[in-house]
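my_file.txt follows (compact mmCIF, C-alpha atoms):
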# COMPACT_ATOMS: atom_id res chain seq x y z
CA MET A 70 -48.98 56.08 -5.53
CA SER A 71 -48.83 55.66 -9.29
CA SER A 72 -45.75 54.31 -11.02
CA GLU A 73 -45.29 57.76 -12.57
CA ASN A 74 -44.75 59.21 -9.10
CA SER A 75 -42.09 56.63 -8.22
CA VAL A 76 -39.64 58.35 -10.58
CA PRO A 77 -37.93 60.99 -8.43
CA ILE A 78 -37.20 64.57 -9.30
CA LEU A 79 -33.43 65.05 -9.16
CA LEU A 80 -32.38 68.45 -7.88
CA PHE A 81 -28.67 69.26 -8.23
CA THR A 82 -27.45 72.42 -6.50
CA ASP A 83 -24.34 74.50 -5.89
CA GLY A 84 -23.46 77.90 -4.51
CA SER A 85 -20.49 80.18 -4.99
CA SER A 86 -19.11 83.30 -3.37
CA ARG A 87 -16.11 85.30 -4.43
CA GLY A 88 -14.52 86.55 -1.22
CA ASN A 89 -17.04 85.03 1.20
CA PRO A 90 -18.59 87.51 1.68
CA GLY A 91 -18.47 88.90 -1.80
CA PRO A 92 -20.28 88.56 -5.09
CA GLY A 93 -22.04 85.20 -5.20
CA GLY A 94 -24.36 83.01 -7.17
CA TYR A 95 -26.19 79.74 -7.21
CA GLY A 96 -26.74 77.09 -9.85
CA VAL A 97 -29.49 74.48 -10.08
CA VAL A 98 -30.13 71.60 -12.47
CA LEU A 99 -33.56 69.97 -12.18
CA LYS A 100 -34.18 66.62 -13.85
CA TYR A 101 -37.41 64.65 -14.10
CA GLY A 102 -37.58 61.89 -16.67
CA LYS A 103 -36.72 63.49 -20.02
CA HIS A 104 -37.20 67.02 -18.68
CA GLU A 105 -34.33 69.22 -17.55
CA LYS A 106 -34.23 72.82 -16.34
CA GLU A 107 -31.34 75.06 -15.25
CA LEU A 108 -31.56 78.03 -12.88
CA SER A 109 -29.02 80.57 -11.69
CA GLU A 110 -28.77 84.09 -10.29
CA GLY A 111 -25.99 86.31 -9.04
CA PHE A 112 -25.86 88.55 -5.96
CA ARG A 113 -23.65 91.54 -5.28
CA ASN A 114 -22.73 90.61 -1.69
CA THR A 115 -23.40 87.30 0.03
CA THR A 116 -21.74 84.17 1.42
CA ASN A 117 -21.07 80.72 0.04
CA ASN A 118 -23.35 79.02 2.59
CA ARG A 119 -26.22 81.36 1.74
CA MET A 120 -25.85 80.54 -1.95
CA GLU A 121 -25.66 76.79 -1.24
CA LEU A 122 -28.95 77.01 0.69
CA LEU A 123 -30.57 79.43 -1.76
CA ALA A 124 -29.86 76.99 -4.59
CA VAL A 125 -31.93 74.35 -2.78
CA ILE A 126 -34.70 76.87 -2.09
CA LYS A 127 -34.87 78.05 -5.70
CA GLY A 128 -34.89 74.48 -6.96
CA LEU A 129 -37.76 73.56 -4.66
CA GLU A 130 -39.65 76.74 -5.59
CA ALA A 131 -39.45 75.73 -9.25
CA LEU A 132 -41.42 72.54 -8.57
CA LYS A 133 -45.08 72.51 -9.47
CA LYS A 134 -46.49 69.37 -7.88
CA PRO A 135 -46.01 67.96 -4.36
CA GLY A 136 -46.09 64.21 -3.90
CA ILE A 137 -43.26 63.25 -6.23
CA PRO A 138 -40.12 61.97 -4.47
CA ILE A 139 -37.28 64.49 -4.58
CA ILE A 140 -33.59 63.87 -4.13
CA VAL A 141 -31.41 66.94 -3.59
CA TYR A 142 -27.76 66.48 -4.53
CA THR A 143 -25.46 69.00 -2.85
CA ASP A 144 -21.74 69.30 -2.24
CA SER A 145 -22.49 71.45 0.82
CA LYS A 146 -21.96 69.63 4.11
CA TYR A 147 -23.55 72.69 5.77
CA VAL A 148 -26.86 72.13 3.96
CA HIS A 149 -26.75 68.33 3.82
CA ASP A 150 -25.87 67.81 7.48
CA ALA A 151 -28.22 70.49 8.77
CA VAL A 152 -31.14 68.60 7.24
CA GLU A 153 -30.09 64.95 7.26
CA LYS A 154 -28.63 65.10 10.79
CA GLY A 155 -31.63 67.12 12.00
CA TRP A 156 -29.67 70.14 13.21
CA VAL A 157 -32.01 72.66 11.57
CA PHE A 158 -34.99 71.28 13.50
CA ASN A 159 -33.17 71.96 16.77
CA TRP A 160 -32.23 75.43 15.53
CA VAL A 161 -35.95 76.14 15.06
CA LYS A 162 -36.65 75.14 18.68
CA GLN A 163 -33.95 77.59 19.77
CA ASN A 164 -35.30 80.28 17.40
CA PHE A 165 -32.01 80.14 15.45
CA LYS A 166 -30.12 81.67 18.39
CA LYS A 167 -26.58 82.41 17.21
CA LYS A 168 -27.18 80.55 13.93
CA ALA A 169 -26.42 81.98 10.52
CA ASN A 170 -28.99 82.47 7.79
CA PRO A 171 -32.24 82.14 9.77
CA ASP A 172 -34.18 83.94 7.01
CA LEU A 173 -33.21 81.31 4.44
CA TRP A 174 -33.62 78.37 6.80
CA ARG A 175 -37.16 79.48 7.70
CA HIS A 176 -38.01 79.78 4.01
CA PHE A 177 -36.45 76.40 3.29
CA LEU A 178 -38.43 74.73 6.08
CA LYS A 179 -41.74 75.88 4.56
CA LEU A 180 -40.75 74.21 1.27
CA TYR A 181 -39.38 71.17 3.10
CA ALA A 182 -42.78 70.65 4.75
CA ILE A 183 -44.45 70.62 1.32
CA TYR A 184 -41.97 68.57 -0.71
CA LYS A 185 -40.14 66.46 1.90
CA PRO A 186 -36.92 66.10 -0.12
CA ARG A 187 -34.13 63.67 0.75
CA PHE A 188 -30.56 64.91 0.58
CA GLN A 189 -27.55 63.22 -0.94
CA TRP A 190 -24.06 64.65 -0.48
CA VAL A 191 -21.71 64.57 -3.47
CA LYS A 192 -18.04 65.50 -3.44
CA GLY A 193 -17.55 68.84 -5.17
CA HIS A 194 -15.10 69.31 -8.05
CA ALA A 195 -14.86 65.54 -8.48
CA GLY A 196 -16.22 65.15 -11.99
CA HIS A 197 -19.90 64.64 -11.13
CA PRO A 198 -21.48 66.04 -14.34
CA GLU A 199 -24.51 67.77 -12.82
CA ASN A 200 -22.52 69.10 -9.85
CA GLU A 201 -19.92 70.47 -12.26
CA ARG A 202 -22.68 72.14 -14.29
CA CYS A 203 -24.19 73.68 -11.16
CA ASP A 204 -20.76 74.96 -10.16
CA GLN A 205 -20.35 76.51 -13.61
CA LEU A 206 -23.78 78.18 -13.38
CA ALA A 207 -23.08 79.47 -9.85
CA THR A 208 -19.61 80.85 -10.56
CA GLU A 209 -20.72 82.42 -13.83
CA ALA A 210 -23.59 84.17 -12.03
CA ALA A 211 -21.22 85.32 -9.27
CA ASP A 212 -18.65 86.59 -11.75
CA THR A 213 -20.83 88.26 -14.37
CA GLY A 214 -24.16 89.14 -12.77
CA PRO A 215 -26.51 90.83 -13.20
CA TRP A 216 -26.30 91.03 -9.42
CA LEU A 217 -29.35 91.05 -7.22
CA ILE A 218 -29.33 92.23 -3.62
CA ASP A 219 -29.24 89.49 -0.98
CA GLU A 220 -31.42 91.52 1.35
CA GLY A 221 -31.26 89.00 4.20
CA PHE A 222 -27.47 89.13 4.20
CA GLU A 223 -27.10 92.87 3.70
CA GLN A 224 -29.73 93.75 6.32
CA SER A 225 -28.16 91.40 8.89
CA ASN A 226 -24.77 93.02 8.30
CA GLU A 227 -26.19 96.51 8.72
CA SER A 228 -27.55 95.56 12.15
CA ASN A 229 -24.23 94.07 13.30
How does the structure come out when it is put into structure tokens?
Amino acid sequence: MSSENSVPILLFTDGSSRGNPGPGGYGVVLKYGKHEKELSEGFRNTTNNRMELLAVIKGLEALKKPGIPIIVYTDSKYVHDAVEKGWVFNWVKQNFKKKANPDLWRHFLKLYAIYKPRFQWVKGHAGHPENERCDQLATEAADTGPWLIDEGFEQSNESN
């Protein structure tokens, strides 16, 4: 591994939902050396946990090159613990029986297999600059749109 590849990509993420379910959004800040990129989108009807997970997915999708270490910073215990404590891998074995958001988890796991990110939990709303920026991006997207359709959420609610 070259010394260039020892510098990790830092992926900061946050999700927001107004009403839970309600309008929602995610925010992402990607950092690699001197490079920085921000991502966000809003959805007309979704949940906070879906937006927390979608932020990670969108951040990983924005990457171009596997093989560089990645650290995902999230204030979501749901996302952090599911991965770092291995819960999601048991959910797969049980075909996500009675688990929320199987569509997003399956998508995440494909990206996880490629990029193998590590997760670091950060306390939300505690002054962490990148987490605060992600929160701002997510809430702004939730509040102002334009709103996309979270098809996985809306379809699952139609069938319930």
Interface rows for stretch 132-189 of chain A against stretch 83-90 of chain A: nearest pair, Å to one decimal, 9 Å, all atoms listed in the file, as a Markdown table:
| residue | atom | partner | partner_atom | distance |
| --- | --- | --- | --- | --- |
| A:Tyr142 | CA | A:Asp83 | CA | 8.8 |
| A:Thr143 | CA | A:Asp83 | CA | 6.4 |
| A:Asp144 | CA | A:Asp83 | CA | 6.9 |
| A:Ser145 | CA | A:Asp83 | CA | 7.6 |
Can those selected residues be exported to a file as a PDB file, in the frame of the given file so that it contains C-alpha atoms?
ATOM      1  CA  TYR A 142     -27.760  66.480  -4.530  1.00  0.00           C
ATOM      2  CA  THR A 143     -25.460  69.000  -2.850  1.00  0.00           C
ATOM      3  CA  ASP A 144     -21.740  69.300  -2.240  1.00  0.00           C
ATOM      4  CA  SER A 145     -22.490  71.450   0.820  1.00  0.00           C
TER       5      SER A 145
END
Polymer residues at most 12 Å from (-19.6, 87.6, -2.8) by all atoms listed in the file, as a ChimeraX atom specification: /A:84-95,111-120,207-208,210-214,216-219,222-223
Gap from atom CA of A:Thr82 to atom CA of A:Ala124 - Å, one decimal: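 The value is 5.5 Å.
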Gap from atom CA of A:Pro138 to atom CA of A:Asn200 - Å, one decimal: 19.7 Å
Selected residue of minimal separation from A:Val141 among A:Ala182, A:Val161, A:Leu108, A:Val97, counting all atoms listed in the file: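 The answer is A:Val97, which sits nearest to A:Val141.
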For A:Lys106, find every residue with an atom within 10 Å (counting only C-alpha atoms), except residues of its own chain fewer than 4 positions away, and show them as a PDB file with C-alpha atoms, in the frame of the given file.
ATOM      1  CA  LEU A  80     -32.380  68.450  -7.880  1.00  0.00           C
ATOM      2  CA  VAL A  97     -29.490  74.480 -10.080  1.00  0.00           C
ATOM      3  CA  VAL A  98     -30.130  71.600 -12.470  1.00  0.00           C
ATOM      4  CA  LEU A  99     -33.560  69.970 -12.180  1.00  0.00           C
ATOM      5  CA  LYS A 100     -34.180  66.620 -13.850  1.00  0.00           C
ATOM      6  CA  TYR A 101     -37.410  64.650 -14.100  1.00  0.00           C
ATOM      7  CA  GLY A 128     -34.890  74.480  -6.960  1.00  0.00           C
ATOM      8  CA  ALA A 131     -39.450  75.730  -9.250  1.00  0.00           C
TER       9      ALA A 131
END
Atom CA of A:Glu209 to atom CA of A:Glu130, straight-line distance in Å: 21.4 Å
Counting all atoms listed in the file, the option among A:Gln205, A:Asn226, A:His197, A:Leu79 closest to A:Gly96: A:Gln205
A:Val76 surroundings by only C-alpha atoms, 12 Å radius, close-in-sequence under 5 positions cut, as a PyMOL selection string: chain A and resi 70-71+100-103+136-140
Requested write-out: C-alpha atoms of the selected residues, as a PDB file, in the coordinates of the input:
ATOM      1  CA  MET A  70     -48.980  56.080  -5.530  1.00  0.00           C
ATOM      2  CA  SER A  71     -48.830  55.660  -9.290  1.00  0.00           C
ATOM      3  CA  LYS A 100     -34.180  66.620 -13.850  1.00  0.00           C
ATOM      4  CA  TYR A 101     -37.410  64.650 -14.100  1.00  0.00           C
ATOM      5  CA  GLY A 102     -37.580  61.890 -16.670  1.00  0.00           C
ATOM      6  CA  LYS A 103     -36.720  63.490 -20.020  1.00  0.00           C
ATOM      7  CA  GLY A 136     -46.090  64.210  -3.900  1.00  0.00           C
ATOM      8  CA  ILE A 137     -43.260  63.250  -6.230  1.00  0.00           C
ATOM      9  CA  PRO A 138     -40.120  61.970  -4.470  1.00  0.00           C
ATOM     10  CA  ILE A 139     -37.280  64.490  -4.580  1.00  0.00           C
ATOM     11  CA  ILE A 140     -33.590  63.870  -4.130  1.00  0.00           C
TER      12      ILE A 140
END
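The closest residue to A:Tyr147, picked from A:Lys166, A:Leu129, A:Trp190, A:Glu107 and counting all atoms listed in the file, is A:Trp190.
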Minimum-distance residue to A:His176, chosen among A:Ser109, A:Ile126, A:Phe81, A:Ser75 (using only C-alpha atoms):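 Among the listed residues, A:Ile126 lies closest to A:His176.
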To box stretch 153-164 of chain A, take all atoms listed in the file, fit an axis-aligned box, add 4 Å on each side, and give centre and edge lengths in Å to one decimal, as AutoDock Vina command-line options.
--center_x -32.6 --center_y 72.6 --center_z 13.5 --size_x 16.0 --size_y 23.3 --size_z 20.5
Among listed residues A:Glu105, A:Lys134, A:Cys203, A:Ile78, nearest A:Phe188 (using only C-alpha atoms): A:Ile78
Among listed residues A:Leu178, A:Glu121, A:Pro77, A:Pro215, nearest A:Gly155 (using only C-alpha atoms): A:Leu178
